[in-house]
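Next comes run_28.cif, with mmCIF, C-alpha atoms; chains and numbers go by the auth columns.
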data_query
loop_
_atom_site.group_PDB
_atom_site.id
_atom_site.type_symbol
_atom_site.label_atom_id
_atom_site.label_comp_id
_atom_site.label_asym_id
_atom_site.label_seq_id
_atom_site.Cartn_x
_atom_site.Cartn_y
_atom_site.Cartn_z
_atom_site.B_iso_or_equiv
_atom_site.auth_seq_id
_atom_site.auth_asym_id
ATOM 1 C CA MET A 1 -9.403 10.106 16.683 0.00 536 A
ATOM 2 C CA ALA A 2 -8.224 12.951 18.912 0.00 537 A
ATOM 3 C CA GLN A 3 -9.643 12.995 22.404 0.00 538 A
ATOM 4 C CA SER A 4 -9.787 15.862 24.834 0.00 539 A
ATOM 5 C CA GLY A 5 -6.215 16.865 25.609 0.00 540 A
ATOM 6 C CA ASP A 6 -4.872 14.742 22.745 0.00 541 A
ATOM 7 C CA MET A 7 -3.933 15.979 19.298 0.00 542 A
ATOM 8 C CA ALA A 8 -3.039 14.071 16.131 0.00 543 A
ATOM 9 C CA GLN A 9 -2.018 15.610 12.824 0.00 544 A
ATOM 10 C CA SER A 10 -0.935 14.135 9.506 0.00 545 A
ATOM 11 C CA GLY A 11 2.496 14.432 7.927 0.00 546 A
ATOM 12 C CA ASP A 12 5.340 14.882 10.394 0.00 547 A
ATOM 13 C CA ALA A 13 2.764 15.093 13.156 0.00 548 A
ATOM 14 C CA HIS A 14 3.167 15.055 16.884 0.00 549 A
ATOM 15 C CA VAL A 15 0.941 13.059 19.186 0.00 550 A
ATOM 16 C CA THR A 16 0.471 15.167 22.314 0.00 551 A
ATOM 17 C CA ALA A 17 -0.717 14.164 25.778 0.00 552 A
ATOM 18 C CA ALA A 18 0.088 17.333 27.645 0.00 553 A
ATOM 19 C CA PRO A 19 2.202 20.396 27.010 0.00 554 A
ATOM 20 C CA GLY A 20 5.762 19.260 26.393 0.00 555 A
ATOM 21 C CA ALA A 21 4.899 15.558 25.910 0.00 556 A
ATOM 22 C CA THR A 22 5.163 14.819 22.189 0.00 557 A
ATOM 23 C CA PHE A 23 6.510 12.167 19.848 0.00 558 A
ATOM 24 C CA LYS A 24 7.232 12.938 16.234 0.00 559 A
ATOM 25 C CA GLU A 25 5.666 10.319 13.992 0.00 560 A
ATOM 26 C CA ARG A 26 8.749 10.434 11.763 0.00 561 A
ATOM 27 C CA THR A 27 10.960 9.469 14.729 0.00 562 A
ATOM 28 C CA VAL A 28 8.664 6.590 15.683 0.00 563 A
ATOM 29 C CA GLU A 29 8.636 5.442 12.062 0.00 564 A
ATOM 30 C CA GLU A 30 12.435 5.380 11.937 0.00 565 A
ATOM 31 C CA LEU A 31 12.574 3.433 15.223 0.00 566 A
ATOM 32 C CA LEU A 32 10.130 0.878 13.864 0.00 567 A
ATOM 33 C CA ARG A 33 12.025 0.556 10.586 0.00 568 A
ATOM 34 C CA LEU A 34 15.202 -0.296 12.510 0.00 569 A
ATOM 35 C CA HIS A 35 13.486 -3.506 13.607 0.00 570 A
ATOM 36 C CA PHE A 36 11.802 -4.552 10.366 0.00 571 A
ATOM 37 C CA SER A 37 13.335 -7.797 9.065 0.00 572 A
ATOM 38 C CA SER A 38 12.656 -6.875 5.425 0.00 573 A
ATOM 39 C CA PRO A 39 13.262 -3.487 3.788 0.00 574 A
ATOM 40 C CA ARG A 40 10.061 -4.111 1.784 0.00 575 A
ATOM 41 C CA THR A 41 7.900 -4.016 4.930 0.00 576 A
ATOM 42 C CA ARG A 42 5.301 -1.251 4.706 0.00 577 A
ATOM 43 C CA LEU A 43 3.814 0.857 7.463 0.00 578 A
ATOM 44 C CA SER A 44 0.437 2.501 6.896 0.00 579 A
ATOM 45 C CA ALA A 45 -0.350 5.988 8.166 0.00 580 A
ATOM 46 C CA ASP A 46 -2.949 4.570 10.570 0.00 581 A
ATOM 47 C CA GLY A 47 -0.476 1.965 11.820 0.00 582 A
ATOM 48 C CA LEU A 48 2.102 4.660 12.426 0.00 583 A
ATOM 49 C CA ARG A 49 -0.398 6.831 14.314 0.00 584 A
ATOM 50 C CA LEU A 50 -1.420 3.857 16.439 0.00 585 A
ATOM 51 C CA ALA A 51 2.195 2.935 17.219 0.00 586 A
ATOM 52 C CA THR A 52 2.942 6.552 18.139 0.00 587 A
ATOM 53 C CA LEU A 53 -0.081 6.712 20.409 0.00 588 A
ATOM 54 C CA ALA A 54 0.825 3.394 22.063 0.00 589 A
ATOM 55 C CA LEU A 55 4.379 4.606 22.672 0.00 590 A
ATOM 56 C CA ARG A 56 3.078 7.824 24.207 0.00 591 A
ATOM 57 C CA LEU A 57 0.750 5.885 26.501 0.00 592 A
ATOM 58 C CA TYR A 58 3.514 3.469 27.572 0.00 593 A
ATOM 59 C CA VAL A 59 5.916 6.291 28.373 0.00 594 A
ATOM 60 C CA ARG A 60 3.214 8.233 30.206 0.00 595 A
ATOM 61 C CA GLU A 61 2.278 5.206 32.330 0.00 596 A
ATOM 62 C CA ALA A 62 5.920 4.538 33.219 0.00 597 A
ATOM 63 C CA ALA A 63 6.415 8.198 34.166 0.00 598 A
ATOM 64 C CA LEU A 64 3.279 8.213 36.336 0.00 599 A
ATOM 65 C CA ARG A 65 4.372 5.059 38.140 0.00 600 A
ATOM 66 C CA ALA A 66 7.836 6.512 38.709 0.00 601 A
ATOM 67 C CA ALA A 67 6.249 9.708 40.081 0.00 602 A
ATOM 68 C CA ASP A 68 4.111 7.640 42.465 0.00 603 A
ATOM 69 C CA GLN A 69 7.225 5.799 43.636 0.00 604 A
ATOM 70 C CA ALA A 70 9.040 9.095 44.206 0.00 605 A
ATOM 71 C CA GLN A 71 6.088 10.340 46.229 0.00 606 A
ATOM 72 C CA LEU A 72 6.154 7.195 48.377 0.00 607 A
ATOM 73 C CA THR A 73 9.818 7.799 49.196 0.00 608 A
ATOM 74 C CA LEU A 74 9.180 11.513 49.831 0.00 609 A
ATOM 75 C CA ALA A 75 11.713 12.420 47.165 0.00 610 A
ATOM 76 C CA PRO A 76 11.616 16.049 45.987 0.00 611 A
ATOM 77 C CA SER A 77 11.851 14.945 42.335 0.00 612 A
ATOM 78 C CA VAL A 78 11.541 11.855 40.188 0.00 613 A
ATOM 79 C CA GLY A 79 14.832 10.193 39.396 0.00 614 A
ATOM 80 C CA LEU A 80 16.111 7.241 37.450 0.00 615 A
ATOM 81 C CA GLU A 81 16.066 5.129 40.607 0.00 616 A
ATOM 82 C CA HIS A 82 12.275 5.545 40.798 0.00 617 A
ATOM 83 C CA LEU A 83 11.829 4.396 37.214 0.00 618 A
ATOM 84 C CA GLU A 84 14.135 1.442 37.843 0.00 619 A
ATOM 85 C CA LYS A 85 12.047 0.472 40.862 0.00 620 A
ATOM 86 C CA VAL A 86 8.736 0.355 38.951 0.00 621 A
ATOM 87 C CA LEU A 87 10.042 -0.932 35.612 0.00 622 A
ATOM 88 C CA PRO A 88 9.816 -4.707 36.323 0.00 623 A
ATOM 89 C CA GLN A 89 6.132 -4.577 37.327 0.00 624 A
ATOM 90 C CA TRP A 90 5.323 -2.159 34.516 0.00 625 A
ATOM 91 C CA LEU A 91 6.828 -4.533 31.960 0.00 626 A
ATOM 92 C CA LEU A 92 4.746 -7.395 33.357 0.00 627 A
ATOM 93 C CA ASP A 93 1.605 -5.267 33.203 0.00 628 A
ATOM 94 C CA VAL A 94 2.180 -4.169 29.624 0.00 629 A
#

Will you turn the file into structure tokens for me?
Amino acid sequence: MAQSGDMAQSGDAHVTAAPGATFKERTVEELLRLHFSSPRTRLSADGLRLATLALRLYVREAALRAADQAQLTLAPSVGLEHLEKVLPQWLLDV
């Protein structure tokens, strides 16, 4: 399942895109459980890994779009205003 540059581990694993970009599966699981309508809802290990990977990809895409926007405005760094600028189109694309 891991691709070059990506890493997945079982247990309280991290899904990594690049150094410093990780999501703990346990954190993603707790976020998902906050939105389950029934406490009896189950989440398989594969489902959790997939959700964690999807979240990582969504965040990465949003960050890349914000960086592109910052570059267009010749900003020295990426700020919240850049993310706010690209967020509407990103949400439509997702």

- [ ] Might you pull out every residue within 8 Å of range 603-612 of chain A, with only C-alpha atoms counted and same-chain residues fewer than 5 positions away left off, and present them as a list in words?
- [x]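 Returned residues: His617, Lys620 and Val621 of chain A.
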
Could the residues in this selection be written to a file with C-alpha atoms, as a PDB file, in the coordinates of the input?
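File part-v5.pdb, as written:
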ATOM      1  CA  HIS A 617      12.275   5.545  40.798  1.00  0.00           C
ATOM      2  CA  LYS A 620      12.047   0.472  40.862  1.00  0.00           C
ATOM      3  CA  VAL A 621       8.736   0.355  38.951  1.00  0.00           C
TER       4      VAL A 621
END

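CA of Glu565 in chain A is positioned 18.1 Å from CA of Tyr593 in chain A.
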
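The spacing separating CA of Leu588 in chain A from CA of Glu616 in chain A amounts to 25.9 Å.
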
Open item on the list: So that I can check the surroundings of Gln624 in chain A, please list as a ChimeraX atom specification every protein, DNA and RNA residue that reaches within 12 Å of it, counting only C-alpha atoms and ignoring chain neighbours fewer than 4 positions away.
Closed with: /A:596-597,600-601,618-620,628-629

TODO: Would you please work out which residue, of A:Pro574, A:Asp581, A:Leu615, A:Thr587, is nearest to Thr562 in chain A when using all atoms listed in the file?
DONE: A:Thr587
